[in-house]
Amino acid sequence: MFSIFKRLPPVQTILAIVFLFLQTGCALYLPYLMAGMVDQGIMAGDFGFIWKQGGTMLGIAALSLTGALLNMYIAGRIAFRLGKELREEIFTKVLSFSKTEYDRFGTSVLITRNTSDVTQVQTVVEMFFKFLILSPIYLIGGICLTWKLNPALALPFAAVVPFMALAAAVIYRFAVPLYGKMQSLLDRLNLLFREGITGVRVIRAFAREEVDYEKYRTTNRDYTGTAIAAGTIMSVFVPLITLIISLAALAIVWIGGNSTAGGNMDVGAIMAALSYSAQILMGFGLLTNVLLILPRGQVSARRIREVLDTPLSLQDPLQPEPAGAVSLSFIGVSFSYPGAAKPALSDISFTVGKGQTLAIAGGTGDGKSTLLSLIPRFYDVQSGSIRIGGTDVRSMVQNDLRKLVSYTPQKSALLAGTVRSNLLLAKPGAGDEELWAVLEDACAAEFIRELPEGLDSPVEKGGANFSGGQRQRLCIARTIIKEADIYLFDDSFSALDFKTDAAVRGSLKRRLEDKIVVLVAQRAGTTANADCIAVLDKGVLAGLGTHNELLKNSPVYREIIRSQGYEEEAA
Ligand SMILES: Nc1ncnc2c1ncn2[C@@H]1O[C@H](COP(=O)(O)OP(=O)(O)O)[C@@H](O)[C@H]1O
Ligand SMILES: [Mg+2]
């Protein structure tokens with residue numbers, strides 16, 4: 001939280017505090033003036049003095065109001081400006097994240113940090129300037145001015161102070177952590193709820209509703225319990241303080257009444273002291289409010305810091321080396337996901353030359369997607385190196401590397417927009433003719449042509465309005481329209497029927513004739529046509545060679561082909 005306060009503009013911050021002092025100072029001074037008016041004006045029947053004093057009071061009241069307005073305006077401005085800056089900073093930071101950092105946070109967490117956490121911090125900063133400073137001023141100022149009017153009347157207040165300090169301490173020590181805990185439980189509830197919604201089909205498919213519901217119910221119960229505990233503390237102490245301050249007011253009236261009867265006390269002073277008791281009570285109320293939102297702000301500030309302070313795992317080299325994509329080599333590459341027990345890839349070596357196609361075969365979870373994602377440096381290898389044209393990918397400027405590589409992820413990732421906007425992402429400025437040609441090559445032209453709006457047909461988020469095979473074809477089109485040297489396809493043909501698969505492979509061969517192609521393939525037909533096949537088995541390279549070579553000497557490959565052949569016959 002402190003580091004957040006350091007970001008505030010100093011001049012405006014000081015102005016906000018100055019205006020706050022003006023507001024509270026004037027508000028405190030008013031009862032004091034009123035005491036004078038009553039005692040010296042009304043009691044003495046001095047109308048001139050009443051007018052004069054009344055005028056002064058009006059002026060002071062106006063000043064207090066001005067102070068309040070300016071304080072609120074500036075505090076609001078500071079807070080919203082801070083929110084805006086934080087959001088921009090988080091956004092810029094997140095854009096520079098690599099997949100390692102995305103995996104660490106997850107998209108929805110990043111969204112929460114950028115929205116509700118920032119709002120929370122914003123609120124705390126605003127409240128801080130409006131209220132937190134206010135209550136001590138009311139407390140100390142009220143006591144001092146009462147003392148000045150009549151020391152005897154200040155005694156009940158002095159007696160109240162230890163109780164208030166005690167209550168504030170108890171609230172801070174016991175209730176505040178509970179509110180902090182409530183915040184994290186609420187986060188967890190949100191997470192479970194989100195998982196429940198997004199994964200609802202999977203959850204149903206595995207009949208896991210009961211388990212998930214139980215998790216949600218436990219967390220919800222925890223949350224409710226904590227909220228009740230926190231509420232109990234508050235509902236004991238807040239009325240207690242109100243009671244104590246009311247008792248103090250009663251004591252003031254009693255002391256005042258006694259001494260007035262004795263003839264040495266002024267009615268005005270008693271009235272002023274009563275006003276102060278009301279102000280002190282209000283100050284205390286505001287203080288507890290701020291104390292309660294403070295932990296939430298702290299949690300949020302910490303979470304924002306977490307994002308902003310994340311060191312980027314990928315850094316551009318200071319002196320980038322130029323790269324020509326004449327070959328792609330893996331040299332003794334090993335890689336583990338952060339926190340994983342076993343490496344996803346161990347000691348992988350191979351080279352693919354210009355104009356060649358490398359197929360990667362293997363079972364689910366054997367590391368095919370991981371291998372592919374290392375090439376555009378979504379992750380960095382832990383040992384060994386990946387070289388393009390002899391240059392380590394880590395010594396290239398990330399932007400240059402991304403220009404060299406065109407990649408289709410396993411999960412077809414279409415963006416909301418139109419067919420055209422999705423394709424233009426890969427090649428801005430491409431004309432209709434080029435777009436149709438590429439759709440033709442990806443066997444996607446036919447079904448796009450049937451849509452009434454053609455190239456401008458809408459695409460929903462994730463391509464939800466297309467079938468799996470159509471999505472894959474659009475993704476292939478988007479990958480091949482980009483002018484790159486290396487093309488990576490992660491299982492991009494799995495949802496295509498055999499005829500389409502063969503047709504797409506044919507056009508890819510033509511189109512990417514002098515490029516480097518690496519594709520994850522599930523089907524024997526695809527691997528058989530590749531120049532070279534890398535067989536992965538639990539992250540280890542279990543074979544490298546042509547279809548015929550591998551059939552002869554790789555039992556793992558034979559097994560894959562056998563199961564594929566079986567599938568092909570069945571299909
Ligand atoms: N983002 C990730 N974080 C942690 N582990 C992962 C991640 N992605 C994949 N893995 C693990 O790495 C291994 C290889 O996965 P993957 O490369 O996706 O296999 P394939 O594409 O061959 O099915 C699996 O054991 C998988 O659980
Ligand atoms: Mg995969």
# chains A, B, ... in the order shown; residues from 1 in each chain; ligands from 1
>>> residues_near_ligand(ligand="ligand 1", cutoff="10 Å", atoms="only C-alpha atoms and all ligand atoms", output="PyMOL selection string")
chain A and resi 99-100+102-104+335-345+360-373+379+410+490-491+520+536-539
>>> closest_atom_pairs(of="stretch 197-290 of chain A", to="stretch 118-138 of chain A", cutoff="7 Å", atoms="only C-alpha atoms", output="JSON lines")
{"residue": "A:Gln279", "atom": "CA", "partner": "A:Tyr138", "partner_atom": "CA", "distance": 6.3}
{"residue": "A:Ile280", "atom": "CA", "partner": "A:Tyr138", "partner_atom": "CA", "distance": 5.5}
{"residue": "A:Gly283", "atom": "CA", "partner": "A:Ser135", "partner_atom": "CA", "distance": 3.9}
{"residue": "A:Phe284", "atom": "CA", "partner": "A:Ser135", "partner_atom": "CA", "distance": 5.9}
{"residue": "A:Leu286", "atom": "CA", "partner": "A:Phe131", "partner_atom": "CA", "distance": 6.0}
{"residue": "A:Leu287", "atom": "CA", "partner": "A:Leu132", "partner_atom": "CA", "distance": 5.8}
{"residue": "A:Val290", "atom": "CA", "partner": "A:Leu132", "partner_atom": "CA", "distance": 6.2}
>>> atom_distance(atom1="atom CA of A:Lys461", atom2="atom CA of A:Leu414")
6.7 Å
>>> atom_distance(atom1="atom CA of A:Pro295", atom2="atom CA of A:Lys6")
18.0 Å
>>> residues_around(residues="stretch 432-437 of chain A", least_positions_apart="3", cutoff="10 Å", atoms="only C-alpha atoms", output="list in words")
Val419, Arg420, Leu423, Leu424, Lys427, Gly429, Glu440, Asp441, Ala442, Cys443, Ala444, Ala445, Glu446, Ile448, Arg449, Gly454, Leu455, Ala477, Arg478 and Ile481 of chain A
>>> write_last_selection(atoms="C-alpha atoms", output="PDB file, in the first residue's frame")
ATOM      1  CA  VAL A 419     -13.226 -13.946 -41.347  1.00  0.00           C
ATOM      2  CA  ARG A 420     -11.381 -11.089 -42.975  1.00  0.00           C
ATOM      3  CA  LEU A 423      -6.846 -13.339 -41.704  1.00  0.00           C
ATOM      4  CA  LEU A 424      -5.605  -9.747 -41.834  1.00  0.00           C
ATOM      5  CA  LYS A 427      -1.033 -10.260 -43.080  1.00  0.00           C
ATOM      6  CA  GLY A 429      -3.312  -5.186 -46.067  1.00  0.00           C
ATOM      7  CA  GLU A 440      -8.859 -22.114 -51.187  1.00  0.00           C
ATOM      8  CA  ASP A 441      -5.535 -23.650 -50.153  1.00  0.00           C
ATOM      9  CA  ALA A 442      -6.868 -24.351 -46.692  1.00  0.00           C
ATOM     10  CA  CYS A 443     -10.060 -25.886 -48.141  1.00  0.00           C
ATOM     11  CA  ALA A 444     -12.048 -23.185 -46.394  1.00  0.00           C
ATOM     12  CA  ALA A 445     -13.185 -21.224 -49.444  1.00  0.00           C
ATOM     13  CA  GLU A 446     -16.203 -23.410 -50.096  1.00  0.00           C
ATOM     14  CA  ILE A 448     -17.074 -19.273 -46.532  1.00  0.00           C
ATOM     15  CA  ARG A 449     -18.491 -18.677 -50.010  1.00  0.00           C
ATOM     16  CA  GLY A 454     -18.515 -14.065 -47.455  1.00  0.00           C
ATOM     17  CA  LEU A 455     -15.227 -12.675 -46.169  1.00  0.00           C
ATOM     18  CA  ALA A 477      -5.464 -20.248 -43.685  1.00  0.00           C
ATOM     19  CA  ARG A 478      -4.382 -17.661 -41.173  1.00  0.00           C
ATOM     20  CA  ILE A 481      -1.099 -16.265 -45.263  1.00  0.00           C
TER      21      ILE A 481
END
>>> select_by_dssp(residues="stretch 400-443 of chain A", states="strand (DSSP E or B)", output="NGL selection string")
:A and (405-408 or 417-418)
>>> write_last_selection(atoms="N, CA, C and O atoms", output="CSV table (one decimal), in the first residue's frame")
chain,number,residue,atom,x,y,z
A,405,VAL,N,8.4,-16.8,-37.7
A,405,VAL,CA,7.7,-18.0,-37.4
A,405,VAL,C,6.2,-17.7,-37.5
A,405,VAL,O,5.7,-16.7,-37.1
A,406,SER,N,5.5,-18.7,-38.2
A,406,SER,CA,4.0,-18.6,-38.2
A,406,SER,C,3.5,-19.8,-37.5
A,406,SER,O,3.9,-21.0,-37.8
A,407,TYR,N,2.6,-19.7,-36.6
A,407,TYR,CA,2.3,-20.8,-35.6
A,407,TYR,C,0.8,-20.9,-35.5
A,407,TYR,O,0.0,-20.0,-35.4
A,408,THR,N,0.3,-22.2,-35.6
A,408,THR,CA,-1.1,-22.5,-35.3
A,408,THR,C,-1.2,-23.3,-34.0
A,408,THR,O,-0.6,-24.4,-33.9
A,417,GLY,N,-14.7,-11.2,-34.5
A,417,GLY,CA,-14.5,-10.2,-35.6
A,417,GLY,C,-15.1,-10.8,-36.8
A,417,GLY,O,-16.2,-11.4,-36.8
A,418,THR,N,-14.4,-10.7,-38.0
A,418,THR,CA,-14.9,-11.3,-39.2
A,418,THR,C,-13.8,-12.3,-39.7
A,418,THR,O,-12.7,-12.3,-39.2
